[in-house]
Amino acid sequence: MIKKFIHQFASPKTYLFQVTRAYPYIFVISILIYIISIFWGLFLTPEDFVQGNSYRIIYLHVPASFISQALYGGMAIASAIFLIWKVKLSAYLVKSIAPIGAMTTFIALISGSIWGIPTWGTWWAWDARIVSTLILFIMYLGLISLHDSFANYEKADKFLAVLVLVGSVNIPIIKMSVEWWSTLHQSASITISDKPTIDPSMLYPLFGSMIGFTGIVVCLVILSSKLHIFVREKNKSWIKDYV
C-alpha cells in the first residue's frame, strides 16, 4: 500500500505539475522574508557585547550551514526511497540536490572563514566542525562527478544512492562535533529541548533568515530537478506535451 501511494504521487509528471504551480508563491514569499530578515539583522539589531558587528554574518552563515546538512538528509531519504521502492523521481532529486548542496556548503565554509577572522584571529582552523563540513563539501563534489562519470543512468542512480546513504554518517558528526570534541565553535544557541541563549532581538531575524533562505534553496532545487527531469524524460510523450 505504501509503495502504491509513493508511486502514485511521486511520478515525474505529477511532480512537475505541482512544483511548477507552487514555485512562484514559494519564490516571492521566500525572497520577501529573507530581505526583511537581512535588513532587520544588519541594521536594526543591537551590536553584540563580545563580537561587535562581526556577528551579523550569522544571518547568512547559520542558514547556509543548516541547509547544507538538511539537503544531504533529504538526499539520504530520497536514496532510501529509490533503493527500496524503485521510485525514479527520488533518484532524479538526489542528482538535482547535490549541486545545490555543494553551493550552500561552500557558502557556509566561506562565511564561516570570514566570521573567524575577527572572532578567532584566523580564517581557518582544523576544528572538528569545520573539517566535518569540509568533508561534506567534498562529498557533494564527489557525488556530482561520480554520477556524471557513468554512461548508464540507471547504474549511476543506484551507485549514487548507496554512497549517499553511506556518507550520511557525517551529518550527525557535524551536528555533535561541538559536544564530542573540544572545538572553537560554541555549543548550539538554539536547541529543541532548551530555551535559546541568543537575545530575542537577534533571534527573530535569524529565524526569518533561515525560513527565507530555505525557501530560496527549495526554489533552486525545483529548477534543478525540472531541468534534470527534462533531460531524463525527454523521449516520453508527456514531456513533449509539457514543454
# chains A, B, ... in the order shown; residues from 1 in each chain; ligands from 1
>>> closest_atom_pairs(of="stretch 200-226 of chain A", to="stretch 94-113 of chain A", cutoff="10 Å", atoms="only C-alpha atoms", output="Markdown table")
| residue | atom | partner | partner_atom | distance |
| --- | --- | --- | --- | --- |
| A:Val217 | CA | A:Ile100 | CA | 7.4 |
| A:Val218 | CA | A:Ile100 | CA | 9.4 |
| A:Leu220 | CA | A:Ile100 | CA | 7.1 |
| A:Val221 | CA | A:Ile97 | CA | 5.9 |
| A:Ile222 | CA | A:Ser96 | CA | 8.4 |
| A:Leu223 | CA | A:Ser96 | CA | 8.7 |
| A:Ser224 | CA | A:Ser96 | CA | 5.3 |
| A:Ser225 | CA | A:Ser96 | CA | 5.0 |
| A:Lys226 | CA | A:Ser96 | CA | 8.5 |
>>> residues_around(residues="A:Glu154", least_positions_apart="4", cutoff="12 Å", atoms="only C-alpha atoms", output="PyMOL selection string")
chain A and resi 82-83+86-88+91-92+147-148+150+158-161+232
>>> write_last_selection(atoms="C-alpha atoms", output="PDB file, in the first residue's frame")
ATOM      1  CA  PHE A  82      14.712   4.884  -4.529  1.00  0.00           C
ATOM      2  CA  LEU A  83      16.520   1.736  -3.377  1.00  0.00           C
ATOM      3  CA  LYS A  86      12.374   1.995  -7.060  1.00  0.00           C
ATOM      4  CA  VAL A  87      10.836   5.469  -7.375  1.00  0.00           C
ATOM      5  CA  LYS A  88      12.831   7.066 -10.175  1.00  0.00           C
ATOM      6  CA  ALA A  91      16.910   9.312  -7.988  1.00  0.00           C
ATOM      7  CA  TYR A  92      16.305  12.465 -10.034  1.00  0.00           C
ATOM      8  CA  HIS A 147      27.222  10.348 -11.355  1.00  0.00           C
ATOM      9  CA  ASP A 148      28.468  12.252 -14.397  1.00  0.00           C
ATOM     10  CA  PHE A 150      28.613   6.897 -15.725  1.00  0.00           C
ATOM     11  CA  LYS A 158      21.893   3.034  -7.784  1.00  0.00           C
ATOM     12  CA  PHE A 159      25.563   3.612  -7.057  1.00  0.00           C
ATOM     13  CA  LEU A 160      24.918   7.216  -6.065  1.00  0.00           C
ATOM     14  CA  ALA A 161      22.040   6.275  -3.756  1.00  0.00           C
ATOM     15  CA  ARG A 232      15.953  12.113 -18.357  1.00  0.00           C
TER      16      ARG A 232
END
>>> residues_around(residues="stretch 198-214 of chain A", least_positions_apart="4", cutoff="6 Å", atoms="only C-alpha atoms", output="MDAnalysis selection string")
chainID A and resid 30 33:34 37 41 45 59 63
>>> residues_around(residues="A:Gly74", least_positions_apart="3", cutoff="10 Å", atoms="only C-alpha atoms", output="PyMOL selection string")
chain A and resi 69-71+77-80+90+93-94+97
>>> write_last_selection(atoms="C-alpha atoms", output="short mmCIF file (atom, residue, chain, number, x, y, z; two decimals), in the first residue's frame")
data_model
loop_
_atom_site.label_atom_id
_atom_site.label_comp_id
_atom_site.auth_asym_id
_atom_site.auth_seq_id
_atom_site.Cartn_x
_atom_site.Cartn_y
_atom_site.Cartn_z
CA GLN A 69 23.13 19.46 6.18
CA ALA A 70 19.36 19.35 5.63
CA LEU A 71 19.84 18.90 1.88
CA ILE A 77 15.80 9.92 2.44
CA ALA A 78 15.32 10.09 -1.34
CA SER A 79 18.09 7.50 -1.82
CA ALA A 80 16.40 5.10 0.60
CA SER A 90 13.78 10.07 -5.96
CA LEU A 93 16.03 14.51 -6.85
CA VAL A 94 19.28 13.11 -5.44
CA ILE A 97 20.03 18.38 -4.95
#
>>> select_by_dssp(residues="stretch 34-63 of chain A", states="helix (DSSP H, G or I)", output="list in words")
Tyr34, Ile35, Ile36, Ser37, Ile38, Phe39, Trp40, Gly41, Leu42, Phe43, Leu44, Ser54, Tyr55, Arg56, Ile57, Ile58, Tyr59, Leu60, His61, Val62 and Pro63 of chain A
>>> residues_around(residues="A:Leu42", least_positions_apart="6", cutoff="9 Å", atoms="only C-alpha atoms", output="list in words")
Asn53, Arg56, Ile57 and Tyr59 of chain A
>>> write_last_selection(atoms="N, CA, C and O atoms", output="mmCIF file, in the first residue's frame")
data_model
loop_
_atom_site.group_PDB
_atom_site.id
_atom_site.type_symbol
_atom_site.label_atom_id
_atom_site.label_comp_id
_atom_site.auth_asym_id
_atom_site.auth_seq_id
_atom_site.Cartn_x
_atom_site.Cartn_y
_atom_site.Cartn_z
ATOM 1 N N ASN A 53 30.023 43.993 15.663
ATOM 2 C CA ASN A 53 29.162 43.859 14.489
ATOM 3 C C ASN A 53 29.499 42.639 13.635
ATOM 4 O O ASN A 53 28.756 42.307 12.711
ATOM 5 N N ARG A 56 26.981 39.698 12.707
ATOM 6 C CA ARG A 56 25.854 39.857 11.792
ATOM 7 C C ARG A 56 25.926 38.910 10.589
ATOM 8 O O ARG A 56 24.910 38.683 9.918
ATOM 9 N N ILE A 57 27.086 38.344 10.323
ATOM 10 C CA ILE A 57 27.190 37.360 9.240
ATOM 11 C C ILE A 57 26.444 36.078 9.590
ATOM 12 O O ILE A 57 26.258 35.196 8.748
ATOM 13 N N TYR A 59 23.425 35.751 9.871
ATOM 14 C CA TYR A 59 22.188 35.676 9.100
ATOM 15 C C TYR A 59 22.399 35.083 7.709
ATOM 16 O O TYR A 59 21.424 34.833 6.995
#
>>> closest_residue(among="A:Ile38, A:Ile171, A:Ile67, A:Met176", to="A:Ile216", atoms="only C-alpha atoms")
A:Ile67
>>> closest_residue(among="A:Ile36, A:Val50, A:Val19, A:Ile26", to="A:Pro118", atoms="only C-alpha atoms")
A:Val50
>>> decode(residues="stretch 119-150 of chain A", atoms="N, CA, C and O atoms", output="PDB file, in the first residue's frame")
ATOM      1  N   THR A 119      36.785  36.881  14.999  1.00  0.00           N
ATOM      2  CA  THR A 119      36.368  36.156  16.208  1.00  0.00           C
ATOM      3  C   THR A 119      37.494  35.299  16.769  1.00  0.00           C
ATOM      4  O   THR A 119      37.759  35.300  17.978  1.00  0.00           O
ATOM      5  N   TRP A 120      38.171  34.539  15.897  1.00  0.00           N
ATOM      6  CA  TRP A 120      39.227  33.628  16.336  1.00  0.00           C
ATOM      7  C   TRP A 120      40.626  34.137  16.004  1.00  0.00           C
ATOM      8  O   TRP A 120      41.615  33.580  16.474  1.00  0.00           O
ATOM      9  N   GLY A 121      40.704  35.147  15.151  1.00  0.00           N
ATOM     10  CA  GLY A 121      42.004  35.645  14.733  1.00  0.00           C
ATOM     11  C   GLY A 121      42.599  34.887  13.572  1.00  0.00           C
ATOM     12  O   GLY A 121      43.759  35.104  13.192  1.00  0.00           O
ATOM     13  N   THR A 122      41.816  34.003  12.955  1.00  0.00           N
ATOM     14  CA  THR A 122      42.281  33.240  11.803  1.00  0.00           C
ATOM     15  C   THR A 122      41.087  32.873  10.937  1.00  0.00           C
ATOM     16  O   THR A 122      39.971  32.711  11.446  1.00  0.00           O
ATOM     17  N   TRP A 123      41.334  32.733   9.655  1.00  0.00           N
ATOM     18  CA  TRP A 123      40.240  32.393   8.743  1.00  0.00           C
ATOM     19  C   TRP A 123      40.007  30.894   8.680  1.00  0.00           C
ATOM     20  O   TRP A 123      38.961  30.424   8.230  1.00  0.00           O
ATOM     21  N   TRP A 124      40.984  30.102   9.135  1.00  0.00           N
ATOM     22  CA  TRP A 124      40.832  28.650   9.079  1.00  0.00           C
ATOM     23  C   TRP A 124      41.494  28.017  10.292  1.00  0.00           C
ATOM     24  O   TRP A 124      42.550  28.448  10.742  1.00  0.00           O
ATOM     25  N   ALA A 125      40.842  26.967  10.800  1.00  0.00           N
ATOM     26  CA  ALA A 125      41.419  26.174  11.885  1.00  0.00           C
ATOM     27  C   ALA A 125      40.963  24.734  11.679  1.00  0.00           C
ATOM     28  O   ALA A 125      39.866  24.486  11.163  1.00  0.00           O
ATOM     29  N   TRP A 126      41.824  23.805  12.060  1.00  0.00           N
ATOM     30  CA  TRP A 126      41.464  22.392  11.906  1.00  0.00           C
ATOM     31  C   TRP A 126      40.550  21.975  13.058  1.00  0.00           C
ATOM     32  O   TRP A 126      40.877  21.129  13.874  1.00  0.00           O
ATOM     33  N   ASP A 127      39.398  22.617  13.050  1.00  0.00           N
ATOM     34  CA  ASP A 127      38.353  22.431  14.047  1.00  0.00           C
ATOM     35  C   ASP A 127      37.437  21.289  13.589  1.00  0.00           C
ATOM     36  O   ASP A 127      37.191  21.121  12.391  1.00  0.00           O
ATOM     37  N   ALA A 128      36.918  20.509  14.537  1.00  0.00           N
ATOM     38  CA  ALA A 128      36.093  19.351  14.184  1.00  0.00           C
ATOM     39  C   ALA A 128      34.876  19.741  13.349  1.00  0.00           C
ATOM     40  O   ALA A 128      34.537  19.061  12.376  1.00  0.00           O
ATOM     41  N   ARG A 129      34.203  20.827  13.716  1.00  0.00           N
ATOM     42  CA  ARG A 129      33.026  21.268  12.958  1.00  0.00           C
ATOM     43  C   ARG A 129      33.433  21.723  11.557  1.00  0.00           C
ATOM     44  O   ARG A 129      32.756  21.395  10.572  1.00  0.00           O
ATOM     45  N   ILE A 130      34.521  22.468  11.452  1.00  0.00           N
ATOM     46  CA  ILE A 130      34.951  22.970  10.147  1.00  0.00           C
ATOM     47  C   ILE A 130      35.386  21.822   9.245  1.00  0.00           C
ATOM     48  O   ILE A 130      35.016  21.757   8.063  1.00  0.00           O
ATOM     49  N   VAL A 131      36.174  20.902   9.789  1.00  0.00           N
ATOM     50  CA  VAL A 131      36.687  19.788   8.991  1.00  0.00           C
ATOM     51  C   VAL A 131      35.547  18.884   8.525  1.00  0.00           C
ATOM     52  O   VAL A 131      35.515  18.462   7.358  1.00  0.00           O
ATOM     53  N   SER A 132      34.609  18.584   9.397  1.00  0.00           N
ATOM     54  CA  SER A 132      33.485  17.725   9.005  1.00  0.00           C
ATOM     55  C   SER A 132      32.606  18.413   7.956  1.00  0.00           C
ATOM     56  O   SER A 132      32.050  17.750   7.066  1.00  0.00           O
ATOM     57  N   THR A 133      32.503  19.742   8.026  1.00  0.00           N
ATOM     58  CA  THR A 133      31.760  20.482   6.998  1.00  0.00           C
ATOM     59  C   THR A 133      32.527  20.474   5.683  1.00  0.00           C
ATOM     60  O   THR A 133      31.922  20.357   4.605  1.00  0.00           O
ATOM     61  N   LEU A 134      33.842  20.584   5.745  1.00  0.00           N
ATOM     62  CA  LEU A 134      34.663  20.476   4.541  1.00  0.00           C
ATOM     63  C   LEU A 134      34.501  19.101   3.905  1.00  0.00           C
ATOM     64  O   LEU A 134      34.415  18.983   2.668  1.00  0.00           O
ATOM     65  N   ILE A 135      34.450  18.069   4.727  1.00  0.00           N
ATOM     66  CA  ILE A 135      34.231  16.712   4.211  1.00  0.00           C
ATOM     67  C   ILE A 135      32.877  16.624   3.511  1.00  0.00           C
ATOM     68  O   ILE A 135      32.746  15.990   2.458  1.00  0.00           O
ATOM     69  N   LEU A 136      31.866  17.290   4.074  1.00  0.00           N
ATOM     70  CA  LEU A 136      30.548  17.324   3.439  1.00  0.00           C
ATOM     71  C   LEU A 136      30.632  17.968   2.066  1.00  0.00           C
ATOM     72  O   LEU A 136      30.036  17.464   1.098  1.00  0.00           O
ATOM     73  N   PHE A 137      31.364  19.063   1.958  1.00  0.00           N
ATOM     74  CA  PHE A 137      31.535  19.744   0.674  1.00  0.00           C
ATOM     75  C   PHE A 137      32.216  18.823  -0.339  1.00  0.00           C
ATOM     76  O   PHE A 137      31.778  18.725  -1.501  1.00  0.00           O
ATOM     77  N   ILE A 138      33.266  18.133   0.089  1.00  0.00           N
ATOM     78  CA  ILE A 138      33.978  17.216  -0.790  1.00  0.00           C
ATOM     79  C   ILE A 138      33.071  16.058  -1.214  1.00  0.00           C
ATOM     80  O   ILE A 138      33.106  15.603  -2.364  1.00  0.00           O
ATOM     81  N   MET A 139      32.246  15.602  -0.284  1.00  0.00           N
ATOM     82  CA  MET A 139      31.303  14.527  -0.605  1.00  0.00           C
ATOM     83  C   MET A 139      30.318  14.964  -1.680  1.00  0.00           C
ATOM     84  O   MET A 139      30.030  14.208  -2.625  1.00  0.00           O
ATOM     85  N   TYR A 140      29.800  16.167  -1.553  1.00  0.00           N
ATOM     86  CA  TYR A 140      28.888  16.685  -2.580  1.00  0.00           C
ATOM     87  C   TYR A 140      29.568  16.703  -3.944  1.00  0.00           C
ATOM     88  O   TYR A 140      29.002  16.243  -4.947  1.00  0.00           O
ATOM     89  N   LEU A 141      30.787  17.231  -3.998  1.00  0.00           N
ATOM     90  CA  LEU A 141      31.508  17.304  -5.264  1.00  0.00           C
ATOM     91  C   LEU A 141      31.776  15.909  -5.820  1.00  0.00           C
ATOM     92  O   LEU A 141      31.665  15.672  -7.035  1.00  0.00           O
ATOM     93  N   GLY A 142      32.141  14.986  -4.926  1.00  0.00           N
ATOM     94  CA  GLY A 142      32.407  13.622  -5.357  1.00  0.00           C
ATOM     95  C   GLY A 142      31.170  12.951  -5.929  1.00  0.00           C
ATOM     96  O   GLY A 142      31.252  12.245  -6.947  1.00  0.00           O
ATOM     97  N   LEU A 143      30.025  13.165  -5.310  1.00  0.00           N
ATOM     98  CA  LEU A 143      28.783  12.569  -5.795  1.00  0.00           C
ATOM     99  C   LEU A 143      28.407  13.119  -7.171  1.00  0.00           C
ATOM    100  O   LEU A 143      27.951  12.375  -8.044  1.00  0.00           O
ATOM    101  N   ILE A 144      28.618  14.417  -7.362  1.00  0.00           N
ATOM    102  CA  ILE A 144      28.310  15.038  -8.655  1.00  0.00           C
ATOM    103  C   ILE A 144      29.186  14.451  -9.755  1.00  0.00           C
ATOM    104  O   ILE A 144      28.700  14.030 -10.821  1.00  0.00           O
ATOM    105  N   SER A 145      30.488  14.417  -9.509  1.00  0.00           N
ATOM    106  CA  SER A 145      31.422  13.924 -10.520  1.00  0.00           C
ATOM    107  C   SER A 145      31.238  12.434 -10.766  1.00  0.00           C
ATOM    108  O   SER A 145      31.381  11.955 -11.901  1.00  0.00           O
ATOM    109  N   LEU A 146      30.905  11.684  -9.720  1.00  0.00           N
ATOM    110  CA  LEU A 146      30.712  10.242  -9.865  1.00  0.00           C
ATOM    111  C   LEU A 146      29.525   9.934 -10.771  1.00  0.00           C
ATOM    112  O   LEU A 146      29.622   9.103 -11.680  1.00  0.00           O
ATOM    113  N   HIS A 147      28.411  10.598 -10.528  1.00  0.00           N
ATOM    114  CA  HIS A 147      27.222  10.348 -11.355  1.00  0.00           C
ATOM    115  C   HIS A 147      27.486  10.717 -12.807  1.00  0.00           C
ATOM    116  O   HIS A 147      27.062  10.003 -13.721  1.00  0.00           O
ATOM    117  N   ASP A 148      28.194  11.805 -13.031  1.00  0.00           N
ATOM    118  CA  ASP A 148      28.468  12.252 -14.397  1.00  0.00           C
ATOM    119  C   ASP A 148      29.453  11.340 -15.124  1.00  0.00           C
ATOM    120  O   ASP A 148      29.560  11.398 -16.353  1.00  0.00           O
ATOM    121  N   SER A 149      30.187  10.521 -14.366  1.00  0.00           N
ATOM    122  CA  SER A 149      31.178   9.646 -14.989  1.00  0.00           C
ATOM    123  C   SER A 149      30.557   8.375 -15.568  1.00  0.00           C
ATOM    124  O   SER A 149      31.202   7.662 -16.334  1.00  0.00           O
ATOM    125  N   PHE A 150      29.299   8.095 -15.222  1.00  0.00           N
ATOM    126  CA  PHE A 150      28.613   6.897 -15.725  1.00  0.00           C
ATOM    127  C   PHE A 150      27.892   7.215 -17.026  1.00  0.00           C
ATOM    128  O   PHE A 150      27.239   8.252 -17.158  1.00  0.00           O
TER     129      PHE A 150
END
